[in-house]
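Notes to accompany the following structure.
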Amino acid sequence: MIGKELIGLESESIQLQIEPELGRRFAEAIGIPFGDQLPPTLVCTLKHAGFPGIQLPLPGMIHGEQKITYHRQLRIGETLTYKRCIKDVYDRVGKLGNMTFIVLETTGYDKVGELVFSSSTTLIAPAKGEAE
Amino acid sequence: MRSLLDYEVYYRLPIKEWVPTQLQVRQYAEASGDFNPIHLDENYAQQAGLGGVIAHGMLTMAQVAAMLTDWIGHEGTISELAVRFENVVRPGDTIKFYGYVKARMENCLILDLEAFNDKMARVLSGLATISVNP
């Protein structure tokens with residue numbers, strides 16, 4: 001069950017090396033040529049930082065909004081430390097009936113502890129379509 | 001060469017067209033680690049009330065980002081990109097992306113972004129801040 005008690009929950013920190021191969025495969029999947037720059041939305045893959053005791057997004061959840069703030073450009077080969085936090089949980093009536101909104105914040109820091117990017121993700125769990 | 005800061009407010013970016021396929025959605029699931037069955041399992045997506053599988057919102061956002069980086073070239077970088085996914089995108093849809101310069105400041109541009117499907121339903125709206133290299 002997803003409720004307000006999850007607000008403030010933090011993920012473990014995960015280190016992810018942005019290997020060229022990761023960038024190349026991501027670029028290929030989204031259908032763009034891979035040159036000397038990493039695709040900007042690569043920072044938002046889910047290959048990092050799970051929450052203890054809860055899988056997010058749960059199967060069936062849909063993605064409502066996404067914001068990414070880049071404090072500097074991502075460099076090929078660098079290692080980022082990812083951390084996620086649940087910032088808000090609220091209910092609202094929408095197109096699919098009663099829905100629960102979950103707002104996650106993800107931050108990525110470089111080796112010297114400088115913030116490289118931060119992002120905010122709004123996930124929507126339709127009351128009916130919630131995971132088995 | 002024309003600098004990004006020469007573009008006037010209301011300048012429209014070249015329109016980008018994109019037709020996602022089920023294969024691309026599967027490739028994106030693997031590249032991103034997002035295996036949510038609403039993107040991959042037709043029966044599951046039907047039961048979830050979505051009327052069939054839908055593309056990842058992040059795959060659509062990646063197209064927006066690509067449209068921007070194509071336009072920017074090496075003259076600047078995206079410093080912020082915010083989007084709202086307003087309607088589902090399905091494999092086989094023809095999606096058109098539009099952007100225009102909403103505001104121009106000393107060393108940055110604010111762009112307004114939208115995407116529509118072939119039924120003219122808006123699937124995405126958003127805002128980007130582009131920092132122009134000095």
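Residue numbering restarts at 1 in every chain; chains get A, B, ... in the order shown in the structure tokens, and ligands count up from 1 in that same order.
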* Within 6 Å of chain A, which residues of chain B are there when counting only C-alpha atoms? Please give them as a PyMOL selection string. => chain B and resi 27-28+31-33+36+38+48+62+79-85
Compile the contact shell of Gly76 of chain B as a PDB file with N, CA and C atoms, in the first residue's frame: residues with an atom at most 9 Å away, counting only C-alpha atoms, same-chain residues fewer than 2 positions apart removed.
```pdb
ATOM      1  N   LEU B   4      22.549  31.039 -30.898  1.00  0.00           N
ATOM      2  CA  LEU B   4      21.226  30.715 -30.349  1.00  0.00           C
ATOM      3  C   LEU B   4      20.517  31.966 -29.859  1.00  0.00           C
ATOM      4  N   THR B  69      18.616  18.923 -28.458  1.00  0.00           N
ATOM      5  CA  THR B  69      20.075  18.852 -28.635  1.00  0.00           C
ATOM      6  C   THR B  69      20.461  18.976 -30.112  1.00  0.00           C
ATOM      7  N   ILE B  72      20.284  22.720 -30.675  1.00  0.00           N
ATOM      8  CA  ILE B  72      21.298  23.476 -29.931  1.00  0.00           C
ATOM      9  C   ILE B  72      22.705  23.259 -30.487  1.00  0.00           C
ATOM     10  N   GLY B  73      22.960  22.028 -30.943  1.00  0.00           N
ATOM     11  CA  GLY B  73      24.311  21.685 -31.386  1.00  0.00           C
ATOM     12  C   GLY B  73      25.289  21.832 -30.235  1.00  0.00           C
ATOM     13  N   HIS B  74      26.426  22.466 -30.520  1.00  0.00           N
ATOM     14  CA  HIS B  74      27.419  22.649 -29.454  1.00  0.00           C
ATOM     15  C   HIS B  74      27.410  24.071 -28.914  1.00  0.00           C
ATOM     16  N   ILE B  78      21.136  21.977 -22.341  1.00  0.00           N
ATOM     17  CA  ILE B  78      19.850  22.028 -21.641  1.00  0.00           C
ATOM     18  C   ILE B  78      20.167  22.159 -20.152  1.00  0.00           C
ATOM     19  N   CYS B 108      20.404  32.773 -21.716  1.00  0.00           N
ATOM     20  CA  CYS B 108      19.576  31.572 -21.799  1.00  0.00           C
ATOM     21  C   CYS B 108      18.284  31.829 -22.566  1.00  0.00           C
ATOM     22  N   ILE B 130      17.483  26.606 -21.870  1.00  0.00           N
ATOM     23  CA  ILE B 130      18.730  26.328 -22.578  1.00  0.00           C
ATOM     24  C   ILE B 130      19.762  27.371 -22.159  1.00  0.00           C
ATOM     25  N   SER B 131      20.890  26.896 -21.650  1.00  0.00           N
ATOM     26  CA  SER B 131      21.982  27.825 -21.346  1.00  0.00           C
ATOM     27  C   SER B 131      22.844  27.957 -22.587  1.00  0.00           C
ATOM     28  N   VAL B 132      23.070  29.184 -22.999  1.00  0.00           N
ATOM     29  CA  VAL B 132      23.865  29.416 -24.200  1.00  0.00           C
ATOM     30  C   VAL B 132      25.331  29.581 -23.791  1.00  0.00           C
ATOM     31  N   ASN B 133      26.206  28.851 -24.474  1.00  0.00           N
ATOM     32  CA  ASN B 133      27.634  28.934 -24.158  1.00  0.00           C
ATOM     33  C   ASN B 133      28.140  30.359 -24.397  1.00  0.00           C
ATOM     34  N   PRO B 134      29.004  30.833 -23.507  1.00  0.00           N
ATOM     35  CA  PRO B 134      29.525  32.194 -23.694  1.00  0.00           C
ATOM     36  C   PRO B 134      30.441  32.266 -24.925  1.00  0.00           C
TER      37      PRO B 134
END
```
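Here atom CA of Tyr82 of chain A is placed at a distance of 26.7 Å from atom CA of Leu40 of chain B.
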* Asked: Could you pull out all residues of chain A with a DSSP call of strand (DSSP E) and give them as a PyMOL selection string?
  -> chain A and resi 14-17+62-70+79-94+97-109+115-126
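Look at Leu80 of chain A: the protein and nucleic acid residues within 8 Å of it, using only C-alpha atoms and passing over chain neighbours fewer than 6 places away, are Gln15, Leu16, Gln17, Ile18, Gly108, Tyr109, Asp110 and Lys111 of chain A.
Using only C-alpha atoms, the shortest contact distance between Pro20 of chain B and any of B:Ala66, B:Met58, B:Ile95, B:Val88 is found at B:Ile95.
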Using only C-alpha atoms, which protein or nucleic acid residues come within 12 Å of Thr94 of chain B? Drop anything in the same chain fewer than 2 positions from it, and give the result as a CSV table (one decimal) with N, CA and C atoms, in the first residue's frame.
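Saved the output as result-v5.csv:
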```
chain,number,residue,atom,x,y,z
B,16,LYS,N,9.6,18.0,-35.2
B,16,LYS,CA,10.2,16.6,-35.2
B,16,LYS,C,9.0,15.6,-35.3
B,17,GLU,N,9.1,14.6,-36.1
B,17,GLU,CA,8.1,13.6,-36.2
B,17,GLU,C,8.7,12.3,-35.8
B,18,TRP,N,7.9,11.5,-35.1
B,18,TRP,CA,8.4,10.2,-34.5
B,18,TRP,C,7.3,9.2,-34.5
B,19,VAL,N,7.6,8.0,-34.9
B,19,VAL,CA,6.6,6.9,-34.8
B,19,VAL,C,7.2,5.8,-34.0
B,20,PRO,N,6.8,5.7,-32.8
B,20,PRO,CA,7.4,4.6,-31.9
B,20,PRO,C,6.9,3.2,-32.4
B,21,THR,N,7.7,2.2,-32.3
B,21,THR,CA,7.3,0.8,-32.6
B,21,THR,C,7.4,0.0,-31.3
B,60,THR,N,9.3,9.1,-24.8
B,60,THR,CA,8.8,10.3,-25.5
B,60,THR,C,9.6,11.5,-25.0
B,89,VAL,N,1.0,7.5,-25.4
B,89,VAL,CA,1.6,7.3,-26.7
B,89,VAL,C,1.7,5.8,-26.9
B,90,ARG,N,1.2,5.4,-28.1
B,90,ARG,CA,1.2,3.9,-28.4
B,90,ARG,C,2.1,3.6,-29.6
B,91,PRO,N,2.6,2.4,-29.6
B,91,PRO,CA,3.4,2.0,-30.8
B,91,PRO,C,2.5,2.2,-32.0
B,92,GLY,N,3.0,2.8,-33.1
B,92,GLY,CA,2.3,3.0,-34.3
B,92,GLY,C,1.7,4.4,-34.4
B,96,LYS,N,4.1,14.3,-33.3
B,96,LYS,CA,4.8,15.5,-33.8
B,96,LYS,C,5.1,16.4,-32.6
B,97,PHE,N,6.4,16.8,-32.6
B,97,PHE,CA,6.9,17.7,-31.5
B,97,PHE,C,7.1,19.1,-32.0
B,115,ALA,N,3.7,18.2,-27.8
B,115,ALA,CA,3.6,17.1,-28.8
B,115,ALA,C,2.2,16.6,-28.9
B,116,PHE,N,1.8,16.3,-30.2
B,116,PHE,CA,0.5,15.9,-30.5
B,116,PHE,C,0.5,14.5,-31.2
B,117,ASN,N,-0.5,13.7,-31.0
B,117,ASN,CA,-0.6,12.5,-31.8
B,117,ASN,C,-1.4,12.7,-33.1
B,118,ASP,N,-1.6,11.7,-33.9
B,118,ASP,CA,-2.3,11.9,-35.2
B,118,ASP,C,-3.8,12.2,-35.0
B,119,LYS,N,-4.3,12.0,-33.8
B,119,LYS,CA,-5.7,12.4,-33.5
B,119,LYS,C,-5.8,13.8,-33.0
B,120,MET,N,-4.7,14.5,-33.0
B,120,MET,CA,-4.5,15.9,-32.5
B,120,MET,C,-4.8,16.0,-31.0
B,121,ALA,N,-4.6,14.9,-30.3
B,121,ALA,CA,-4.6,15.0,-28.8
B,121,ALA,C,-3.2,15.3,-28.4
B,122,ARG,N,-3.1,16.2,-27.4
B,122,ARG,CA,-1.8,16.6,-26.9
B,122,ARG,C,-1.3,15.5,-26.0
B,123,VAL,N,-0.1,15.0,-26.3
B,123,VAL,CA,0.4,13.9,-25.5
B,123,VAL,C,1.4,14.4,-24.5
```
* To do: Would you mind listing what lies within 8 Å of Gly3 of chain A as a PyMOL selection string, with only C-alpha atoms counted and same-chain residues fewer than 2 positions away left out?
  => chain A and resi 1+5-6+89-90
* Asked: Would you give me, as an MDAnalysis selection string, the residues in chain B that DSSP reads as alpha helix (DSSP H)?
  -> chainID B and resid 22:32 42:47 57:72
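In this model, the gap between atom CA of Gly99 of chain B and atom CA of Ala128 of chain B comes to 9.4 Å.
Across A:Cys85, A:Ile76, A:Leu38, A:Leu56, the tightest approach to Gly8 of chain A is made by A:Cys85 when counting only C-alpha atoms.
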